[in-house]
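Asker: So that we are looking at the same thing, I have put the structure below in structure tokens.
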Amino acid sequence: MSNSTHTFAADPRNADIQININGDLFPRDKAVVSVFDSGFILGDGIWEGLRVHDGVIPFLTQHLKRLWEGAKALDLELGLDRAQLEARLYDTLEANAMREHVHIRLMVSRGIKSTPYQDPSFTISPPTIVIIPEYKSPDPTLNDRGVRLYTVYVRRGYADVQDPRINSHSKLNCIFGCIQAAKAGYDEALMLDVNGFVNTTNACNFFIVRKGAVWTSTGDYCMNGITRQKVIDLCRENDIPVSERNYSLVDTYGADEAFLTGTFGAQTPVHSIDGRQIGSGEMGPVTRRIRDLYKGLIAAEVAQ
């Protein structure tokens, strides 16, 4: 059974959620977009994953900054400003009376096409903006058993092919990696960069701990996650040695600890990689300390 960082328990309340499409609310079973939408036809769009804590979306400024940067790279005009989109997000939460244990998928596509073709000039509508809030919490038992990673053949690519730092709808290479890991009987895929150095998983940023020092990739070939950066910042602020560097699978197999970061799971320990147990196979002391520091950071963000 898969123990991926996105494993969660089904919540019956999600059957009755209202989904925001272009500012209008629809029941889950009525929330649809056109078959001519750019996101459906081409994966032409961008997205953000957001968490809700005590009615607050932490680090929303950073998430929206990344969204707007991705939109600019794709030459996509959202048709509203950041304050308007923020208001739309909170209006959606209010309409659903949601305050805790909520995950939001915010998606923006280029809009509806006149015909199924990639040229943006064939777009005949404003962008499609969808907000899906769901009651969804990470499986807490993952903190005890950790995830099992498998190194896959699919690489994180060059920026001039498809820049992996854009949070785009086009995630086919990650899906290939996810499938390969699942077929091999593992939970998630560990992906290398074009030079053969350890980079990220198909869904999360990746860290190891060696002799008390935290290592992560250079960031040149991965999504520069909001949680990833918060962990780096927390380490620097709390005298935990941290470096963004190139390192190999040999370094990884010999690590004392390993963990993944992401908006949904925060920090999730890694049990093993390619059948090799990492450290004790449990959440290590450095990972645990970072988790505690991150919880404090979330509490401070909510209090503000």
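Lettering and numbering for the structure tokens are positional, with chains as A, B, ... in the shown order, residues counted from 1 in each chain, and ligands counted from 1 in the shown order.
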Pull the helix (DSSP H, G or I) assignments for stretch 1-232 of chain A out of DSSP run on the backbone, and list those residues as a PyMOL selection string.
Answerer: chain A and resi 12-16+28-30+38-42+60-73+82-95+120-122+142-145+159-162+172-183+226-232
Asker: Show me, as JSON lines, the residues of stretch 119-145 of chain A having an atom within 9 Å of stretch 35-47 of chain A, each with the closest atom pair and its distance in Å, using only C-alpha atoms.
Answerer:
{"residue": "A:Pro120", "atom": "CA", "partner": "A:Ser38", "partner_atom": "CA", "distance": 8.8}
{"residue": "A:Thr123", "atom": "CA", "partner": "A:Ser38", "partner_atom": "CA", "distance": 7.9}
{"residue": "A:Pro127", "atom": "CA", "partner": "A:Ser38", "partner_atom": "CA", "distance": 8.9}
{"residue": "A:Thr128", "atom": "CA", "partner": "A:Asp37", "partner_atom": "CA", "distance": 7.8}
Asker: Would you write out those residues with all heavy atoms, as a compact mmCIF listing (two decimals), in the first residue's frame?
Answerer:
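Result file out-v3.txt:
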# COMPACT_ATOMS: atom_id res chain seq x y z
N PRO A 120 -1.55 30.34 -28.19
CA PRO A 120 -2.36 31.15 -27.27
C PRO A 120 -3.34 32.09 -27.96
O PRO A 120 -4.35 32.47 -27.36
CB PRO A 120 -1.31 31.95 -26.48
CG PRO A 120 -0.08 31.10 -26.53
CD PRO A 120 -0.10 30.46 -27.90
N THR A 123 -7.11 31.42 -27.93
CA THR A 123 -7.87 31.52 -26.69
C THR A 123 -8.95 32.58 -26.84
O THR A 123 -8.67 33.70 -27.27
CB THR A 123 -6.93 31.87 -25.52
OG1 THR A 123 -5.84 30.96 -25.49
CG2 THR A 123 -7.68 31.80 -24.19
N PRO A 127 -8.80 33.92 -18.47
CA PRO A 127 -8.30 32.72 -17.80
C PRO A 127 -9.39 32.04 -16.97
O PRO A 127 -10.31 32.69 -16.47
CB PRO A 127 -7.18 33.26 -16.92
CG PRO A 127 -6.74 34.52 -17.57
CD PRO A 127 -7.98 35.11 -18.16
N THR A 128 -9.27 30.74 -16.83
CA THR A 128 -10.13 29.98 -15.95
C THR A 128 -9.44 29.86 -14.60
O THR A 128 -8.31 29.37 -14.52
CB THR A 128 -10.39 28.57 -16.52
OG1 THR A 128 -10.97 28.68 -17.83
CG2 THR A 128 -11.31 27.78 -15.60
Asker: List as a PyMOL selection string the protein and nucleic acid residues near stretch 131-143 of chain A, meaning an atom at most 10 Å away when only C-alpha atoms are counted, but skip any in the same chain fewer than 5 places from it.
Answerer: chain A and resi 3-23+25+28+31+47-52+88-89+92-93+96+98-108+264-271+282-283+288
Asker: Which residues, written as a list of chain:residue names, have at least one atom at most 10 Å from A:Lys171, with only C-alpha atoms counted and residues fewer than 5 positions away on the same chain left out?
Answerer: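 These residues fall inside the cut-off: A:Gly43, A:Pro164, A:Phe176, A:Asn202, A:Ala203.
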Asker: Between atom CA of A:Asp292 and atom CA of A:Asp144, what is the distance in Å, rounded to a tenth?
Answerer: 15.4 Å
Asker: I need the residues of stretch 154-255 of chain A that end up classed as strand (DSSP E or B) by DSSP on the backbone, written out as a list of chain:residue names.
Answerer: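 Here is the list: A:Arg156, A:Ser168, A:Glu188, A:Ala189, A:Leu190, A:Met191, A:Leu192, A:Asp193, A:Val198, A:Asn199, A:Thr200, A:Thr201, A:Asn205, A:Phe206, A:Phe207, A:Ile208, A:Val209, A:Arg210, A:Ala213, A:Val214, A:Trp215, A:Thr216, A:Val242, A:Ser243, A:Glu244.
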Asker: Okay, now the selection with N, CA and C atoms, as a PDB file, in the first residue's frame?
Answerer:
ATOM      1  N   ARG A 156      14.938  15.417 -13.707  1.00  0.00           N
ATOM      2  CA  ARG A 156      14.487  16.803 -13.684  1.00  0.00           C
ATOM      3  C   ARG A 156      15.285  17.540 -14.755  1.00  0.00           C
ATOM      4  N   SER A 168       3.692  24.439 -13.144  1.00  0.00           N
ATOM      5  CA  SER A 168       2.744  24.357 -14.252  1.00  0.00           C
ATOM      6  C   SER A 168       1.864  23.120 -14.138  1.00  0.00           C
ATOM      7  N   GLU A 188       7.099   6.826  -3.384  1.00  0.00           N
ATOM      8  CA  GLU A 188       7.314   7.994  -4.242  1.00  0.00           C
ATOM      9  C   GLU A 188       8.615   7.817  -5.002  1.00  0.00           C
ATOM     10  N   ALA A 189       8.768   8.648  -6.031  1.00  0.00           N
ATOM     11  CA  ALA A 189       9.950   8.588  -6.883  1.00  0.00           C
ATOM     12  C   ALA A 189      10.991   9.607  -6.433  1.00  0.00           C
ATOM     13  N   LEU A 190      12.224   9.156  -6.306  1.00  0.00           N
ATOM     14  CA  LEU A 190      13.341  10.073  -6.110  1.00  0.00           C
ATOM     15  C   LEU A 190      13.926  10.360  -7.481  1.00  0.00           C
ATOM     16  N   MET A 191      14.036  11.643  -7.820  1.00  0.00           N
ATOM     17  CA  MET A 191      14.466  12.045  -9.156  1.00  0.00           C
ATOM     18  C   MET A 191      15.826  12.726  -9.088  1.00  0.00           C
ATOM     19  N   LEU A 192      16.685  12.387 -10.036  1.00  0.00           N
ATOM     20  CA  LEU A 192      17.989  13.014 -10.158  1.00  0.00           C
ATOM     21  C   LEU A 192      17.907  14.180 -11.134  1.00  0.00           C
ATOM     22  N   ASP A 193      18.912  15.064 -11.103  1.00  0.00           N
ATOM     23  CA  ASP A 193      18.951  16.145 -12.089  1.00  0.00           C
ATOM     24  C   ASP A 193      19.713  15.678 -13.329  1.00  0.00           C
ATOM     25  N   VAL A 198      21.287  14.076  -6.809  1.00  0.00           N
ATOM     26  CA  VAL A 198      19.972  13.924  -6.191  1.00  0.00           C
ATOM     27  C   VAL A 198      19.260  15.267  -6.200  1.00  0.00           C
ATOM     28  N   ASN A 199      17.966  15.240  -6.575  1.00  0.00           N
ATOM     29  CA  ASN A 199      17.264  16.503  -6.733  1.00  0.00           C
ATOM     30  C   ASN A 199      16.005  16.612  -5.892  1.00  0.00           C
ATOM     31  N   THR A 200      14.995  15.830  -6.202  1.00  0.00           N
ATOM     32  CA  THR A 200      13.686  15.994  -5.569  1.00  0.00           C
ATOM     33  C   THR A 200      12.881  14.723  -5.780  1.00  0.00           C
ATOM     34  N   THR A 201      11.697  14.645  -5.221  1.00  0.00           N
ATOM     35  CA  THR A 201      10.807  13.539  -5.560  1.00  0.00           C
ATOM     36  C   THR A 201       9.809  14.027  -6.602  1.00  0.00           C
ATOM     37  N   ASN A 205      10.021  18.426  -2.226  1.00  0.00           N
ATOM     38  CA  ASN A 205      11.450  18.701  -2.127  1.00  0.00           C
ATOM     39  C   ASN A 205      12.087  17.735  -1.145  1.00  0.00           C
ATOM     40  N   PHE A 206      13.374  17.488  -1.312  1.00  0.00           N
ATOM     41  CA  PHE A 206      14.064  16.414  -0.613  1.00  0.00           C
ATOM     42  C   PHE A 206      15.267  16.958   0.153  1.00  0.00           C
ATOM     43  N   PHE A 207      15.440  16.482   1.385  1.00  0.00           N
ATOM     44  CA  PHE A 207      16.556  16.875   2.243  1.00  0.00           C
ATOM     45  C   PHE A 207      17.187  15.629   2.851  1.00  0.00           C
ATOM     46  N   ILE A 208      18.489  15.704   3.127  1.00  0.00           N
ATOM     47  CA  ILE A 208      19.141  14.681   3.944  1.00  0.00           C
ATOM     48  C   ILE A 208      19.864  15.369   5.098  1.00  0.00           C
ATOM     49  N   VAL A 209      20.201  14.570   6.103  1.00  0.00           N
ATOM     50  CA  VAL A 209      20.966  15.058   7.251  1.00  0.00           C
ATOM     51  C   VAL A 209      22.189  14.161   7.407  1.00  0.00           C
ATOM     52  N   ARG A 210      23.357  14.775   7.418  1.00  0.00           N
ATOM     53  CA  ARG A 210      24.604  14.051   7.617  1.00  0.00           C
ATOM     54  C   ARG A 210      25.408  14.739   8.712  1.00  0.00           C
ATOM     55  N   ALA A 213      24.254  18.102   9.853  1.00  0.00           N
ATOM     56  CA  ALA A 213      24.111  19.149   8.842  1.00  0.00           C
ATOM     57  C   ALA A 213      23.028  18.762   7.837  1.00  0.00           C
ATOM     58  N   VAL A 214      22.231  19.743   7.429  1.00  0.00           N
ATOM     59  CA  VAL A 214      21.126  19.527   6.508  1.00  0.00           C
ATOM     60  C   VAL A 214      21.586  19.871   5.094  1.00  0.00           C
ATOM     61  N   TRP A 215      21.347  18.946   4.154  1.00  0.00           N
ATOM     62  CA  TRP A 215      21.678  19.165   2.745  1.00  0.00           C
ATOM     63  C   TRP A 215      20.409  19.104   1.916  1.00  0.00           C
ATOM     64  N   THR A 216      20.337  19.969   0.913  1.00  0.00           N
ATOM     65  CA  THR A 216      19.309  19.861  -0.111  1.00  0.00           C
ATOM     66  C   THR A 216      19.940  20.240  -1.434  1.00  0.00           C
ATOM     67  N   VAL A 242      23.167  24.198   7.223  1.00  0.00           N
ATOM     68  CA  VAL A 242      22.364  23.845   6.055  1.00  0.00           C
ATOM     69  C   VAL A 242      23.091  24.307   4.804  1.00  0.00           C
ATOM     70  N   SER A 243      22.997  23.509   3.744  1.00  0.00           N
ATOM     71  CA  SER A 243      23.626  23.908   2.491  1.00  0.00           C
ATOM     72  C   SER A 243      22.804  23.428   1.313  1.00  0.00           C
ATOM     73  N   GLU A 244      22.768  24.250   0.261  1.00  0.00           N
ATOM     74  CA  GLU A 244      22.189  23.888  -1.025  1.00  0.00           C
ATOM     75  C   GLU A 244      23.369  23.480  -1.907  1.00  0.00           C
TER      76      GLU A 244
END
Asker: Determine, counting only C-alpha atoms, which protein, DNA and RNA residues have an atom within 10 Å of an atom of A:Asp187; residues of the same chain fewer than 5 positions away are not included. Present the result as a list in words.
Answerer: Met1, Ser2, Asn3, Ser4, Thr5, Thr7, Gly146, Val147, Arg148, Leu149, Tyr150, Cys178, Ile179, Ala181 and Ala182 of chain A
Asker: Pick the closest to A:Arg165 from A:Val194, A:Leu234, A:Ala73, A:Val250: which is it, counting only C-alpha atoms?
Answerer: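 Ranked by minimum distance to A:Arg165, first place goes to A:Ala73.
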Asker: One decimal, in Å: what's the spacing between atom CA of A:Gln62 and atom CA of A:Asn238?
Answerer: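 Taking atom CA of A:Gln62 and atom CA of A:Asn238, their separation equals 21.6 Å.
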Asker: Residues within 8 Å of A:Phe59, please, as a PDB file with N, CA and C atoms, in the first residue's frame. Count only C-alpha atoms; anything in the same chain fewer than 2 positions from it doesn't count.
Answerer:
ATOM      1  N   ILE A  57      -4.542  31.334   5.713  1.00  0.00           N
ATOM      2  CA  ILE A  57      -3.701  30.667   4.717  1.00  0.00           C
ATOM      3  C   ILE A  57      -2.272  31.146   4.919  1.00  0.00           C
ATOM      4  N   THR A  61       1.287  35.363   0.739  1.00  0.00           N
ATOM      5  CA  THR A  61       2.010  36.356  -0.067  1.00  0.00           C
ATOM      6  C   THR A  61       3.046  35.672  -0.953  1.00  0.00           C
ATOM      7  N   GLN A  62       3.802  34.728  -0.375  1.00  0.00           N
ATOM      8  CA  GLN A  62       4.825  34.027  -1.155  1.00  0.00           C
ATOM      9  C   GLN A  62       4.204  33.137  -2.228  1.00  0.00           C
ATOM     10  N   HIS A  63       3.101  32.474  -1.889  1.00  0.00           N
ATOM     11  CA  HIS A  63       2.431  31.630  -2.880  1.00  0.00           C
ATOM     12  C   HIS A  63       1.923  32.448  -4.059  1.00  0.00           C
ATOM     13  N   ILE A 226       7.836  26.640  -1.302  1.00  0.00           N
ATOM     14  CA  ILE A 226       7.705  27.598  -0.210  1.00  0.00           C
ATOM     15  C   ILE A 226       8.162  26.946   1.096  1.00  0.00           C
ATOM     16  N   GLU A 301       2.641  32.809  12.136  1.00  0.00           N
ATOM     17  CA  GLU A 301       2.015  33.359  10.924  1.00  0.00           C
ATOM     18  C   GLU A 301       0.522  33.547  11.137  1.00  0.00           C
TER      19      GLU A 301
END
Asker: Taking only C-alpha atoms into account, name the residue in A:Ala83, A:Ala300, A:Ala258, A:Val56 that is nearest to A:Gly212.
Answerer: A:Ala258
Asker: Please indicate the distance in Å from atom CA of A:Val161 to atom CA of A:Pro116, rounded to one decimal place.
Answerer: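 Atom-to-atom, atom CA of A:Val161 to atom CA of A:Pro116, that is 22.5 Å.
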